[in-house]
Every structure is written in structure tokens, then in C-alpha cells.
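Undergrad: Right, I'll just put the structure down here and ask away after.
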Amino acid sequence: MLKRMVDMVSAEVFQLRHRVGTWVLLAIWGVLALFFGYVFAYLIDGGETAARVPEGAFVQPQLLPDQFVATIIAGFPFYGGAFALMLGVLTVGSDFGWETFKTLFTQRPGRGQVFAAKMAALAIMLIPFVLFVFALGAIASSLIALREGLPIDFPGPVEIVQGMLAGWLILAVWATVGVVLAVVTRGTSLAIGIGILYTLVIEGLISNVANQISWMKPMIDGFVRANAYSLVKPFGNAAVDAEGPGRFAGPFVSPERAALVLVAYMVIFCGLSLWLLRTRDVD
Amino acid sequence: MTHADLVIDARDLSKTYGTIAAVDHLDLQIRRGEVYGFVGPNGAGKTTTLRMLLGLIRPTGGRIEVMGAAPGSADSLSRIGSMIETPAFYPHLSGYQNLFVLAKYAGIPVERVDSVLAGVDLSDRRDDAFRTYSLGMKQRLGVAAALLKDPALLILDEPTNGLDPAGMAEMRSLIRDLGTGDRTVLLSSHLMAEMEQICDRIGIISGGRMVAEGTVDELRGEDRLLIRADPSDVARDIVTSIPGIASVDVDREGLHLRVRDHATVDPATVNARLVQQGIAVSGLQWERSSLESVFLSLTSPEGAAADNIHRDRLMEVTHA
């Protein structure tokens with residue numbers, strides 16, 4: 001039984017890693033993480049604020065290696081989530097478009113096992129996403145430190161691993177949002193459209209309204225966005241609650257509660273997707 | 001026939017979508033080792049029935065047993081190979097890679113992939129992406145995927161769709177080979193000539209209902225011998241006395257002989273008998289309903305009126 005599941009998961013990983021779209025998503029996200037996390041920040045702030053600080057001091061400590069975890073993970077709840085959502089949609093939604101579900105569902109395993117294999121493969125495929133972006137952060141921060149003539153001191157391994165786990169959890173939740181949307185809409189286009197709209201706009205808009213209506217405020221604490229940002233805030237990036245696109249000003253909950261809420265979302269989204277897949281006809 | 005001989009046993013099967021009955025109280029029993037043709041016009045309910053047999057669609061009524069198990073169960077699916085409508089594969093993977101993925105899902109050794117690709121003559125294109133395949137190659141890959149499990153039951157839905165004549169002939173020959181031995185083949189199509197050549201038994205479905213079922217010969221009915229002779233009333237008396245003739249009908253075309261025993265009645269003997277008696281025989285030919293005419297008469301309102309008789313001319317004799 002375990003061997004069968006391992007075989008199915010490896011087949012799904014094989015299928016996903018041979019898909020160009022997977023790596024296109026990773027590449028675009030990498031570029032965004034690099035530019036918005038380091039390149040633009042280094043180019044813009046380096047010039048304007050340099051005059052306001054003592055001569056010789058580096059004005060942006062978040063761009064240095066010792067803060068790379070905090071800097072890179074700040075992008076996970078925002079555009080990182082959007083890319084994970086798209087990967088989730090592609091992982092399941094394409095099987096509707098290509099009608100490959102009918103091929104998979106007529107092999108030996110049941111629909112539950114096929115879905116479990118797909119979810120496990122998706123979870124595995126998120127690992128290189130996390131590792132790649134963290135590696136980019138480490139490299140970019142090291143180059144900046146070298147250029148500024150500052151020491152290259154990385155955070156401890158515990159912080160790095162915690163950051164990666166938090167990042168993976170955030171991506172996994174957004175990926176399952178993509179999965180459930182793909183299953184509900186039985187495709188990719190509408191699912192990506194709705195998902196991106198929700199990720200980038202809807203929660204933000206509702207949060208703005210709810211912030212001004214007292215009885216709606218507790219609702220914000222339950223949003224994916226609020227909990228994802230709450231999970232990354234302890235890593236200490238000042239940018240998290242600053243202004244600007246993708247920045248989040250709160251409210252925040254404790255990281256433990258945030259982790260639990262995000263896990264609960266994953267379970268709910270996976271459960272709903274599985275129920276729909278098992279009960280609906282494959283036409 | 002015992003229950004154990006049945007590979008597929010569907011009773012009173014129904015599937016409705018709102019008020020539309022796609023399949024309407026259908027009974028379908030398929031025996032081990034036979035090549036069964038499931039024919040019907042577009043929208044008759046063939047694919048819906050096949051999907052129900054595979055557990056892809058849940059019936060709204062009736063019961064099904066496939067390979068002695070519930071449709072869609074691991075017990076049933078592990079012994080079924082299928083291709084439903086268009087072959088569905090990952091376009092970014094090669095033919096080999098697609099079958100590799102399916103082999104992993106089905107829990108069968110990946111070494112089998114190369115042999116099934118060779119079986120459908122796709123070895124030389126095994127590493128090309130599925131999206132680059134022609135329609136015929138896609139169909140063949142679909143058959144290869146269906147054979148991956150070396151199934152006891154093979155369900156093929158319109159396997160010759162989109163194939164050119166050479167491809168269709170090739171596919172027919174492949175299916176005939178696959179149907180030898182203990183393997184059962186359930187083949188769906190609306191191409192009568194194709195089914196006539198391949199199948200042991202045929203079920204005709206129309207409007208979701210089974211309207212006829214039997215061997216090709218049973219469905220086509222008995223052969224009749226058409227004789228154009230003059231004078232026809234004398235000719236009638238002569239042929240009625242020939243042993244093996246069941247009945248004789250006369251109309252404007254000539255005499256239509258229903259033959260009880262093909263071994264004792266052959267056109268040459270009948271011709272000689274008539275000529276000896278001074279009858280002018282201008283033509284003798286077997287007339288036989290084609291499966292297509294039977295199909296049309298059963299499935300289309302105009303069909304019964306048209307009732308084309310397909311005549312296989314065996315012999316024609318002209319008297320001076």
C-alpha cells in the first residue's frame with residue numbers, strides 16, 4: 001500500500017517537473033522576489049536616505065545576510081501566495097482540461113488515492129520553490145554585503161529552517177486554495193482569475209471595510225492573508241507592516257495561532273476538493 | 001450461461017440528467033471471451049453507459065457488476081483496460097512518459113510500457129511529446145494505455161474515430177487480435193461495417209434503450225434468394241418443390257426465396273432446374289439485409305421505410 005502510494009506520488013512529481021509551466025512560475029516568482037526584495041530596495045533607498053544617516057553607515061540592514069530570512073519571507077504571503085495558488089490550480093485544474101482525470105480514475109487506485117497523490121506531489125513541488133527563493137535571498141544579500149564591504153553573517157540554521165517551514169506552510173495554503181477553486185470550476189482559467197482576485201484584492205478590500213466596523217473586525221483575524229502575515233512577522237521584517245503594495249498593516253495574531261489556522265484551511269480546502277472529486281461525475 | 005460467465009452484468013441501468021434520460025432501463029450482459037459491439041447513433045447513450053461501467057459516472061438507477069465487482073472499484077479496474085472517447089494524456093509528456101505515469105498509478109512494472117508501445121507500432125515515436133502526435137497515433141497510444149494492465153476486459157469507445165481508411169483497417173486488425181483467447185472486448189461505435197467485421201455479438205442502443213441484440217447473422221436475418229424468371233407463376237411452382245426452400249414470395253422484382261437449408265440450396269442448382277423446365281432466368285442473387293439497414297430501421301424514423309436491401313451478387317445468369 002505504501003509502495004503503491006510512493007509510486008503514485010513519484011509519478012505525479014515526474015509529471016509536474018516535466019511541465020514547463022511549473023518552472024516558468026518559479027522563475028517569475030524568483031525574479032519578483034529578487035527585484036522587490038533586494039534590487040529595487042537597494043537602488044532606491046541607497047541614494048535617497050544615505051544623506052540622512054551618519055557617513056559610512058549602511059541604511060538598510062534588512063538587505064544584509066543576517067536578515068535575509070525576514071526579507072525574503074515577507075514576499076510569501078503576497079506574490080509568493082499568488083504563484084503557489086497558480087501552481088495548485090495547474091496541478092489539478094489541467095486534469096479537467098486535458099480530461100486526464102478520466103484516464104487516471106480508470107487505473108487501479110480510487111479517486112481518493114489519486115487526489116492524495118496529487119496533493120503530496122504538490123507539497124513536494126513547493127519545496128524547490130521555497131529553497132530556490134531562499135537561495136536567491138542568500139545570494140543577493142551576500143552580494144550586497146560584499147559590495148558594501150560588510151561581513152557576511154547568516155542567521156542561525158534554526159531561524160533559516162523555521163523560515164522555510166513557515167514559507168512552505170503559506171505556499172501550501174495558497175496552493176490548496178488554487179486546488180479547491182480548480183475542482184469547483186473544473187478547469188484552470190476561471191480558477192486562476194478568481195484566485196488571483198481573491199489573493200491580491202478581495203481580502204484587502206474586505207479588511208479595509210471591516211477595520212472600520214467593529215463587529216466585523218474579528219473576521220479579519222480569520223483571513224488567510226492576516227494569518228500568513230502573522231506567521232512571517234516574528235522574523236522581524238519591518239516591511240511587513242509598512243505601506244505599499246503587498247504590505248500588511250495588521251491586525252496580527254500570534255504565530256502559533258496563525259499556523260493552526262493555516263493548517264485548518266489546508267485541511268478544509270483539501271477535504272472539500274476530495275468530497276467534490278469523489279461525488280461528482282467525470283463527464 | 002451462468003452468472004460466472006458474465007464479465008459485465010448491468011440490469012435496469014438508468015442515467016438521467018434533469019428530465020433527459022441518457023440511458024433508460026438498459027440491460028447489458030457480456031460474456032467472457034466475446035467481442036461485443038455496442039452500436040448506436042450519436043447521443044444514443046453509448047459513452048454514458050461505458051462511463052458508468054468504469055465508475056466515472058454514477059447511475060441514477062439499476063445495478064452493475066463488472067468483473068464481479070462494483071464499477072470503479074479497485075477489484076474491477078485492475079482487470080479493465082479502457083479508452084473512452086478521445087484519448088486523454090498529458091500533452092507535455094512523451095508517449096513513453098505518459099504510459100510510465102499510468103503504469104505507476106496502476107501498480108504494474110514500467111518495463112511493460114515498451115512492449116505495449118511496440119504492440120501498437122509507436123516505438124519509434126515513444127520519446128516525442130503527445131501533443132505532436134497525429135490523431136491516429138493518439139488513438140494508438142490510447143489503445144496501448146488500455147493494454148498496459150494486460151486486461152481481461154477491454155473497453156474501447158470509438159477507437160477508429162478520426163482514422164484514415166488504412167488506420168481503420170489497422171485498428172480493426174489490432175482489435176480482432178486482442179479479442180482472441182479469453183479476453184473480452186467491448187467495442188462502441190456507430191460505424192456498422194466496422195462492427196460487422198469485428199464483433200461476435202452486437203447490441204443496438206437508441207434513445208438510451210437496447211433495441212436489438214444478437215450475433216451479426218441474427219440481426220441481419222436470414223438470406224433470401226432473388227430470382228428474376230419468366231413466367232414467374234410457373235417458376236414459383238417449380239422452386240417451391242425444391243427441398244430446403246422455406247417459402248416463396250413473388251412481387252414485381254421477382255421471386256424471393258427464404259432458404260431453410262443453405263447446404264441443399266445453391267443458386268446454380270436452382271438455375272439449372274428452372275432452365276430445364278423452360279423458364280427464362282435473367283438473374284439470381286442473394287439478397288441480405290446489411291447491418292446498417294437493420295441499424296437504420298431500428299434507430300431512425302425514416303429507416304424502417306427506407307429498409308435498403310443490400311444485395312451481394314453471387315451469380316447472374318443471362319439467357320439468350
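Chain lettering (A, B, ...) mirrors the order of the C-alpha cells, residue numbering begins at 1 for each chain separately, and ligand numbering begins at 1 in order of display.
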Determine, counting only C-alpha atoms, which protein, DNA and RNA residues have an atom within 12 Å of an atom of stretch 176-180 of chain B; residues of the same chain fewer than 6 positions away are not included. Present the result as number ranges by chain.
TA: B: 32-37, 81, 119-120, 143-144, 146-147, 150-156, 169-170, 186-187, 194-200
Undergrad: Store the residues of this selection in a file with C-alpha atoms, as a PDB file, in the first residue's frame.
TA:
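The result, stored in part13.pdb:
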```
ATOM      1  CA  ARG B  32     -16.307 -13.855 -21.108  1.00  0.00           C
ATOM      2  CA  GLY B  33     -14.165 -14.018 -24.249  1.00  0.00           C
ATOM      3  CA  GLU B  34     -16.523 -12.378 -26.707  1.00  0.00           C
ATOM      4  CA  VAL B  35     -16.054  -9.271 -28.816  1.00  0.00           C
ATOM      5  CA  TYR B  36     -19.210  -7.312 -28.176  1.00  0.00           C
ATOM      6  CA  GLY B  37     -20.185  -4.376 -30.332  1.00  0.00           C
ATOM      7  CA  GLY B  81      -8.279  -1.513 -19.853  1.00  0.00           C
ATOM      8  CA  GLY B 119       2.318  -3.613 -29.962  1.00  0.00           C
ATOM      9  CA  VAL B 120       0.665  -0.508 -31.400  1.00  0.00           C
ATOM     10  CA  VAL B 143      -5.120   1.533 -27.053  1.00  0.00           C
ATOM     11  CA  ALA B 144      -1.589   0.980 -25.701  1.00  0.00           C
ATOM     12  CA  ALA B 146      -5.682   0.316 -22.304  1.00  0.00           C
ATOM     13  CA  LEU B 147      -3.462  -2.733 -22.811  1.00  0.00           C
ATOM     14  CA  ASP B 150      -2.988  -6.830 -19.850  1.00  0.00           C
ATOM     15  CA  PRO B 151      -6.678  -6.599 -19.049  1.00  0.00           C
ATOM     16  CA  ALA B 152      -9.240  -9.365 -19.065  1.00  0.00           C
ATOM     17  CA  LEU B 153     -11.782  -6.813 -20.273  1.00  0.00           C
ATOM     18  CA  LEU B 154     -11.001  -4.166 -22.841  1.00  0.00           C
ATOM     19  CA  ILE B 155     -13.463  -1.306 -23.283  1.00  0.00           C
ATOM     20  CA  LEU B 156     -12.872   0.802 -26.384  1.00  0.00           C
ATOM     21  CA  ALA B 169      -8.109  -1.291 -41.159  1.00  0.00           C
ATOM     22  CA  GLU B 170      -5.052  -1.465 -38.934  1.00  0.00           C
ATOM     23  CA  LEU B 186     -16.497  -4.246 -25.529  1.00  0.00           C
ATOM     24  CA  LEU B 187     -16.341  -2.009 -28.530  1.00  0.00           C
ATOM     25  CA  GLU B 194     -16.522  -1.932 -38.846  1.00  0.00           C
ATOM     26  CA  MET B 195     -18.623  -3.677 -36.210  1.00  0.00           C
ATOM     27  CA  GLU B 196     -19.907  -6.262 -38.643  1.00  0.00           C
ATOM     28  CA  GLN B 197     -16.345  -7.339 -39.336  1.00  0.00           C
ATOM     29  CA  ILE B 198     -15.097  -7.455 -35.785  1.00  0.00           C
ATOM     30  CA  CYS B 199     -17.846  -8.446 -33.380  1.00  0.00           C
ATOM     31  CA  ASP B 200     -19.221 -11.761 -32.203  1.00  0.00           C
TER      32      ASP B 200
END
```
Undergrad: With chain B as the partner and 12 Å as the cut-off, tabulate the residues of chain A that qualify, each row holding the nearest pair of atoms and their distance in Å to one decimal, using only C-alpha atoms, sorted by chain and rising number, as a Markdown table.
TA:
```
| residue | atom | partner | partner_atom | distance |
| --- | --- | --- | --- | --- |
| A:Met1 | CA | B:Gly107 | CA | 10.1 |
| A:Leu2 | CA | B:Gly107 | CA | 11.5 |
| A:Lys3 | CA | B:Gly107 | CA | 9.1 |
| A:Arg4 | CA | B:Gly107 | CA | 6.3 |
| A:Met5 | CA | B:Tyr105 | CA | 8.4 |
| A:Val6 | CA | B:Lys104 | CA | 9.1 |
| A:Asp7 | CA | B:Lys104 | CA | 5.4 |
| A:Met8 | CA | B:Tyr105 | CA | 5.1 |
| A:Val9 | CA | B:Tyr105 | CA | 8.8 |
| A:Ser10 | CA | B:Lys104 | CA | 8.1 |
| A:Ala11 | CA | B:Val101 | CA | 5.0 |
| A:Glu12 | CA | B:Val101 | CA | 7.4 |
| A:Val13 | CA | B:Val101 | CA | 9.8 |
| A:Phe14 | CA | B:Val101 | CA | 7.8 |
| A:Gln15 | CA | B:Leu93 | CA | 7.3 |
| A:Leu16 | CA | B:His92 | CA | 9.7 |
| A:Arg17 | CA | B:Leu93 | CA | 10.4 |
| A:His18 | CA | B:Leu93 | CA | 7.0 |
| A:Arg19 | CA | B:His92 | CA | 6.2 |
| A:Val20 | CA | B:His92 | CA | 8.0 |
| A:Gly21 | CA | B:His92 | CA | 9.9 |
| A:Thr22 | CA | B:His92 | CA | 11.6 |
| A:Thr91 | CA | B:Tyr90 | CA | 11.6 |
| A:Ser94 | CA | B:Tyr90 | CA | 9.0 |
| A:Asp95 | CA | B:Tyr90 | CA | 8.3 |
| A:Phe96 | CA | B:Ala88 | CA | 10.1 |
| A:Gly97 | CA | B:Ala88 | CA | 9.7 |
| A:Trp98 | CA | B:Ala88 | CA | 6.2 |
| A:Glu99 | CA | B:Ala88 | CA | 5.5 |
| A:Thr100 | CA | B:Ala88 | CA | 5.1 |
| A:Phe101 | CA | B:Ala88 | CA | 8.4 |
| A:Lys102 | CA | B:Leu56 | CA | 7.0 |
| A:Thr103 | CA | B:Ala88 | CA | 6.3 |
| A:Leu104 | CA | B:Leu102 | CA | 7.1 |
| A:Phe105 | CA | B:Leu56 | CA | 7.3 |
| A:Thr106 | CA | B:Leu77 | CA | 6.2 |
| A:Gln107 | CA | B:Ala106 | CA | 5.2 |
| A:Arg108 | CA | B:Ser78 | CA | 4.9 |
| A:Pro109 | CA | B:Ala74 | CA | 5.9 |
| A:Gly110 | CA | B:Ala74 | CA | 6.6 |
| A:Arg111 | CA | B:Gly72 | CA | 9.1 |
| A:Gly112 | CA | B:Ser73 | CA | 11.7 |
| A:Gln113 | CA | B:Tyr105 | CA | 9.5 |
| A:Val114 | CA | B:Tyr105 | CA | 8.1 |
| A:Phe115 | CA | B:Tyr105 | CA | 11.6 |
| A:Ala117 | CA | B:Tyr105 | CA | 9.4 |
| A:Lys118 | CA | B:Tyr105 | CA | 11.3 |
| A:Leu277 | CA | B:Leu56 | CA | 10.6 |
| A:Arg278 | CA | B:Leu56 | CA | 9.7 |
| A:Thr279 | CA | B:Arg58 | CA | 8.7 |
| A:Arg280 | CA | B:Ile57 | CA | 7.9 |
| A:Asp281 | CA | B:Ile57 | CA | 4.6 |
| A:Val282 | CA | B:Leu56 | CA | 5.1 |
| A:Asp283 | CA | B:Ile57 | CA | 7.0 |
```
Undergrad: Could you check which of A:Thr71, A:Gln62, A:Thr199, A:Ser273 is closest to A:Val179, using only C-alpha atoms?
TA: A:Ser273
Undergrad: List the spatial neighbours of A:Thr188 as number ranges by chain - criterion: any atom at most 6 Å away, only C-alpha atoms, same-chain residues fewer than 5 positions off excluded.
TA: A: 89, 93, 182
Undergrad: From a DSSP calculation on the backbone, collect every residue of stretch 106-175 of chain A in alpha helix (DSSP H) and output the set as a ChimeraX atom specification.
TA: /A:111-148,157-175
Undergrad: Given the selection you just returned, output its residues as a file containing C-alpha atoms, formatted as a JSON list (two decimals), in the first residue's frame.
TA:
```json
[["chain", "number", "residue", "atom", "x", "y", "z"],
["A", 111, "ARG", "CA", -10.27, 8.79, -6.64],
["A", 112, "GLY", "CA", -9.20, 9.45, -3.05],
["A", 113, "GLN", "CA", -5.79, 7.91, -3.66],
["A", 114, "VAL", "CA", -5.31, 9.80, -6.93],
["A", 115, "PHE", "CA", -6.14, 13.05, -5.16],
["A", 116, "ALA", "CA", -3.86, 12.22, -2.23],
["A", 117, "ALA", "CA", -1.01, 11.52, -4.67],
["A", 118, "LYS", "CA", -1.59, 14.84, -6.38],
["A", 119, "MET", "CA", -1.63, 16.73, -3.09],
["A", 120, "ALA", "CA", 1.53, 15.01, -1.89],
["A", 121, "ALA", "CA", 3.25, 15.81, -5.18],
["A", 122, "LEU", "CA", 2.15, 19.43, -4.91],
["A", 123, "ALA", "CA", 3.51, 19.61, -1.38],
["A", 124, "ILE", "CA", 6.82, 18.21, -2.60],
["A", 125, "MET", "CA", 6.97, 20.57, -5.57],
["A", 126, "LEU", "CA", 6.63, 23.55, -3.21],
["A", 127, "ILE", "CA", 9.93, 22.59, -1.55],
["A", 128, "PRO", "CA", 12.12, 23.67, -4.51],
["A", 129, "PHE", "CA", 10.06, 26.86, -4.69],
["A", 130, "VAL", "CA", 10.97, 27.67, -1.08],
["A", 131, "LEU", "CA", 14.59, 26.56, -1.42],
["A", 132, "PHE", "CA", 15.11, 28.49, -4.65],
["A", 133, "VAL", "CA", 13.76, 31.77, -3.32],
["A", 134, "PHE", "CA", 15.66, 31.41, -0.05],
["A", 135, "ALA", "CA", 18.83, 30.69, -2.04],
["A", 136, "LEU", "CA", 18.23, 33.79, -4.13],
["A", 137, "GLY", "CA", 17.84, 35.84, -0.96],
["A", 138, "ALA", "CA", 21.05, 34.45, 0.49],
["A", 139, "ILE", "CA", 22.99, 35.14, -2.70],
["A", 140, "ALA", "CA", 21.57, 38.64, -3.22],
["A", 141, "SER", "CA", 22.19, 39.68, 0.39],
["A", 142, "SER", "CA", 25.74, 38.30, 0.22],
["A", 143, "LEU", "CA", 26.46, 40.27, -2.95],
["A", 144, "ILE", "CA", 25.16, 43.45, -1.32],
["A", 145, "ALA", "CA", 27.27, 42.82, 1.76],
["A", 146, "LEU", "CA", 30.31, 42.23, -0.44],
["A", 147, "ARG", "CA", 29.65, 45.40, -2.38],
["A", 148, "GLU", "CA", 29.26, 47.40, 0.82],
["A", 157, "PRO", "CA", 20.20, 27.30, 10.99],
["A", 158, "VAL", "CA", 17.16, 27.18, 13.29],
["A", 159, "GLU", "CA", 15.90, 30.51, 12.03],
["A", 160, "ILE", "CA", 16.53, 29.50, 8.42],
["A", 161, "VAL", "CA", 14.67, 26.21, 8.84],
["A", 162, "GLN", "CA", 11.81, 27.90, 10.69],
["A", 163, "GLY", "CA", 11.59, 30.47, 7.94],
["A", 164, "MET", "CA", 11.49, 27.78, 5.28],
["A", 165, "LEU", "CA", 8.80, 25.84, 7.14],
["A", 166, "ALA", "CA", 6.70, 28.98, 7.60],
["A", 167, "GLY", "CA", 7.18, 29.84, 3.95],
["A", 168, "TRP", "CA", 6.24, 26.33, 2.85],
["A", 169, "LEU", "CA", 3.08, 26.42, 5.00],
["A", 170, "ILE", "CA", 1.99, 29.73, 3.50],
["A", 171, "LEU", "CA", 2.56, 28.46, -0.03],
["A", 172, "ALA", "CA", 0.79, 25.20, 0.76],
["A", 173, "VAL", "CA", -2.32, 27.01, 1.98],
["A", 174, "TRP", "CA", -2.49, 29.18, -1.12],
["A", 175, "ALA", "CA", -1.86, 26.13, -3.29]]
```
Undergrad: Measure the distance from atom CA of A:Met216 to atom CA of A:Leu260 in Å and round it to one decimal.
TA: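 Between these atoms lies a distance of 21.3 Å.
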Undergrad: With distances taken over only C-alpha atoms, which of B:Ser134, B:Asp121, B:Glu292, B:Thr19 is nearest to B:Leu174?
TA: B:Asp121
